[in-house]
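Since the structure comes first, as structure tokens, the remarks are kept for the end.
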Amino acid sequence: MINNNTRERLMKAYQAYSFAVYDALLYLDAYPNSKEALDSYNKYQKLSQRAKAEYESKFGPITAPNDTNSWQWTDSPWPWHIEGGK
Amino acid sequence: MWQYEKRLQYPVKIKNPNPKYAQIIISQLGGPDGEIGASLRYLTQRIAMPYSKIVGILTDVGTEELAHFEMISAILYQLTRNLTPKEIKESGFDTYFVDHTTGIYPVAASGYPYSASQFQSKGDVLADLHEDLAAEQKARATYDNILRLVDDPDVCDAIKFLRAREIVHYQRFADALGIAQENMDSKNFYGYNPAFDKVSKLN
């Protein structure tokens, strides 16, 4: 169960950081000169990429991998499945 | 979750506008065998699909269809640029133009707007996969018909790419059907629906 808690925690971190990235991106579409939005975008992009890498190293790919020796893309549950179940 | 790439899957570069061609090709945007219906078919069907590899196939094909929707939109945009009212009237594009100007709106060539009544998400593994196989053949046949009616090489190049993808998708859905059948009761594939029944009704 520790495993499932870690999975949930790491996924939540990635969801939060990547949401912050996406929200900044949306704002920058209209306000490309906003220094505040740009700083926020860069800050959360870094955190988001780190969180994604950490999740993927433990629980499998979130996006199809760039380079891999074995194809595990369909081994992990799909996002609408309840954690660990079907 | 999806992410956008600012590019077309295959390049579209049409030198000569032609609103008559646009009126034919728009069927692959919002017609009965068009790209948006295809995308919605696979992206809805995948949720109830019990086999992970098949969910992967439905996700990837459903996503690619959105890229095809974008390619058709690019073709329509390029075919309808710099038109004069005279060209619009003479080509027959006026019946679309009056409602949508040169904006992109999903309709069939007949003008009938896109409708979800043109596809099914049955929640039955075999019924859904057979629908998908048929859908790819119908889209391929529509592209064949477009190639019979269009003789601009710039347009045909992109249409031929899209046609070839229908055949590849058909092959991947044939693989999906094979994967489903491997997981089902080989004595009676219709004994139960693994997307709903927990155990075989035969047991």
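Residue numbering restarts at 1 in every chain; chains get A, B, ... in the order shown in the structure tokens, and ligands count up from 1 in that same order.
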
For this session: Write out as a list in words which residues come within 6 Å of stretch 162-168 of chain B when counting only C-alpha atoms, dropping same-chain ones fewer than 6 positions away.
Result: Glu136, Arg140 and Tyr143 of chain B

Only N, CA and C atoms, please: the residues just picked out, written as a tab-separated table (two decimals), in the first residue's frame.
```
chain	number	residue	atom	x	y	z
B	136	GLU	N	-12.86	2.47	-40.96
B	136	GLU	CA	-11.62	2.76	-41.69
B	136	GLU	C	-11.80	2.49	-43.18
B	140	ARG	N	-11.56	5.19	-46.16
B	140	ARG	CA	-10.68	4.92	-47.30
B	140	ARG	C	-11.46	5.10	-48.61
B	143	TYR	N	-11.94	8.73	-49.44
B	143	TYR	CA	-10.73	9.32	-50.03
B	143	TYR	C	-10.54	8.85	-51.48
```

I'd like a table as CSV: residues in chain A with an atom no more than 10 Å from chain B, each row giving the shortest atom pair and its distance in Å to one decimal, only C-alpha atoms counted, sorted by chain and rising residue number.
```
residue,atom,partner,partner_atom,distance
A:Tyr22,CA,B:Gln3,CA,9.8
A:Ile62,CA,B:Met1,CA,9.7
A:Thr63,CA,B:Trp2,CA,9.8
A:Trp73,CA,B:Gly56,CA,8.1
A:Thr74,CA,B:Lys53,CA,5.7
A:Asp75,CA,B:Ser52,CA,7.3
A:Ser76,CA,B:Ser52,CA,8.5
A:Pro77,CA,B:Ser52,CA,7.8
A:Trp78,CA,B:Ser52,CA,7.8
A:Pro79,CA,B:Met1,CA,9.1
A:Trp80,CA,B:Ile47,CA,7.5
A:His81,CA,B:Ile47,CA,9.0
A:Lys86,CA,B:Pro50,CA,8.1
```

For this session: Using only C-alpha atoms, determine which residues lie at most 12 Å from B:Glu64, disregarding the query and same-chain residues fewer than 2 positions distant; provide the list as a PyMOL selection string.
Result: chain B and resi 2+4-5+8-10+35-36+38-40+42-43+57-62+66-71+162+165-166+168-169

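Nearest to A:Gln49 of all the residues A:Tyr31, A:Trp71, A:Phe19, A:Tyr14 is A:Tyr14, counting only C-alpha atoms.
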
For this session: Return as a PyMOL selection string the full set of residues in chain A whose backbone-based DSSP assignment is alpha helix (DSSP H).
Result: chain A and resi 2-30+35-59

Write out as a short mmCIF file (atom, residue, chain, number, x, y, z; two decimals) with N, CA and C atoms, in the first residue's frame which residues come within 12 Å of B:Asp154 when counting only C-alpha atoms, dropping same-chain ones fewer than 3 positions away.
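Written output follows (part_15.cif):
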```cif
data_model
loop_
_atom_site.label_atom_id
_atom_site.label_comp_id
_atom_site.auth_asym_id
_atom_site.auth_seq_id
_atom_site.Cartn_x
_atom_site.Cartn_y
_atom_site.Cartn_z
N PRO B 11 2.75 17.55 -44.52
CA PRO B 11 2.61 18.93 -45.02
C PRO B 11 1.45 19.12 -46.01
N VAL B 12 0.81 20.29 -45.92
CA VAL B 12 -0.25 20.68 -46.85
C VAL B 12 0.17 22.01 -47.47
N LYS B 13 0.44 21.99 -48.79
CA LYS B 13 0.84 23.22 -49.49
C LYS B 13 0.13 23.28 -50.83
N ILE B 14 -1.00 23.99 -50.86
CA ILE B 14 -1.84 24.05 -52.05
C ILE B 14 -1.71 25.42 -52.71
N LYS B 15 -1.18 25.43 -53.96
CA LYS B 15 -0.91 26.69 -54.65
C LYS B 15 -2.21 27.36 -55.14
N ASN B 16 -3.13 26.54 -55.68
CA ASN B 16 -4.31 27.12 -56.33
C ASN B 16 -5.59 26.91 -55.52
N PRO B 17 -6.22 28.02 -55.05
CA PRO B 17 -7.51 27.90 -54.37
C PRO B 17 -8.56 27.27 -55.29
N ASN B 18 -9.49 26.54 -54.71
CA ASN B 18 -10.55 25.90 -55.51
C ASN B 18 -11.72 25.57 -54.58
N TYR B 21 -13.54 22.15 -54.86
CA TYR B 21 -12.85 21.04 -54.18
C TYR B 21 -13.08 21.08 -52.67
N ILE B 75 -6.30 22.02 -45.52
CA ILE B 75 -6.64 21.90 -46.95
C ILE B 75 -7.79 22.86 -47.29
N GLN B 78 -6.66 26.52 -47.29
CA GLN B 78 -5.86 26.90 -48.45
C GLN B 78 -6.69 26.90 -49.74
N LEU B 79 -7.69 26.04 -49.82
CA LEU B 79 -8.54 25.98 -51.02
C LEU B 79 -9.51 27.15 -51.11
N LEU B 147 -10.27 11.33 -54.67
CA LEU B 147 -9.21 11.25 -55.69
C LEU B 147 -9.80 11.08 -57.09
N VAL B 150 -10.85 14.97 -57.85
CA VAL B 150 -9.88 16.07 -57.71
C VAL B 150 -8.65 15.75 -58.56
N ASP B 151 -8.18 16.73 -59.37
CA ASP B 151 -6.94 16.42 -60.12
C ASP B 151 -5.81 17.42 -59.89
N ASP B 157 -1.79 14.91 -53.06
CA ASP B 157 -0.66 14.44 -52.26
C ASP B 157 -1.08 14.26 -50.79
N ALA B 158 -1.71 15.26 -50.24
CA ALA B 158 -2.15 15.17 -48.83
C ALA B 158 -3.27 14.14 -48.67
N ILE B 159 -4.19 14.10 -49.64
CA ILE B 159 -5.31 13.14 -49.58
C ILE B 159 -4.79 11.70 -49.64
N LYS B 160 -3.75 11.47 -50.46
CA LYS B 160 -3.17 10.12 -50.56
C LYS B 160 -2.53 9.68 -49.24
N PHE B 161 -1.91 10.63 -48.55
CA PHE B 161 -1.35 10.31 -47.23
C PHE B 161 -2.47 9.88 -46.28
#
```

For this session: Find the residues around A:Asn3 up to 12 Å (only C-alpha atoms counted), leave out those fewer than 3 positions away in its own chain, and share them as a list in words.
Result: Thr6, Arg7, Glu8, Arg9, Leu10, Tyr55, Lys58, Phe59, Glu83 and Gly84 of chain A

Store the residues picked out above in a file with C-alpha atoms, as a PDB file, in the first residue's frame.
```pdb
ATOM      1  CA  THR A   6       3.804   6.995  -3.235  1.00  0.00           C
ATOM      2  CA  ARG A   7       2.310   6.613  -6.698  1.00  0.00           C
ATOM      3  CA  GLU A   8      -0.590   8.862  -5.774  1.00  0.00           C
ATOM      4  CA  ARG A   9       1.666  11.447  -4.126  1.00  0.00           C
ATOM      5  CA  LEU A  10       4.066  11.638  -7.078  1.00  0.00           C
ATOM      6  CA  TYR A  55       7.082   9.315 -11.321  1.00  0.00           C
ATOM      7  CA  LYS A  58       9.127   4.315 -10.418  1.00  0.00           C
ATOM      8  CA  PHE A  59       5.761   3.672 -12.057  1.00  0.00           C
ATOM      9  CA  GLU A  83      -5.478   3.175  -8.746  1.00  0.00           C
ATOM     10  CA  GLY A  84      -4.176  -0.365  -8.937  1.00  0.00           C
TER      11      GLY A  84
END
```

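Between atom CA of B:Gly92 and atom CA of B:Thr80 lies a distance of 12.4 Å.
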
For this session: Could you give me, as a list in words, the residues within 12 Å of A:Leu28, counting only C-alpha atoms and dropping anything in the same chain fewer than 5 positions from it?
Result: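 Contacts, in chain order: Val21, Tyr22, Asp23, Asn33, Ser34, Lys35, Glu36, Ala37, Leu38, Asp39, Ser40, Tyr41 and Asn42 of chain A.
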
For this session: Figure out the distance between atom CA of B:Asp144 and atom CA of B:Arg41, please, to one decimal in Å.
Result: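 Between atom CA of B:Arg41 and atom CA of B:Asp144 the gap is 21.7 Å.
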
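One finds atom CA of B:Asp33 at 13.0 Å from atom CA of B:Ile72.
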
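In this comparison, which uses only C-alpha atoms, the residue of A:Ala30, A:Ala24, A:Ala16, A:Ala64 approaching A:Leu47 most closely is A:Ala16.
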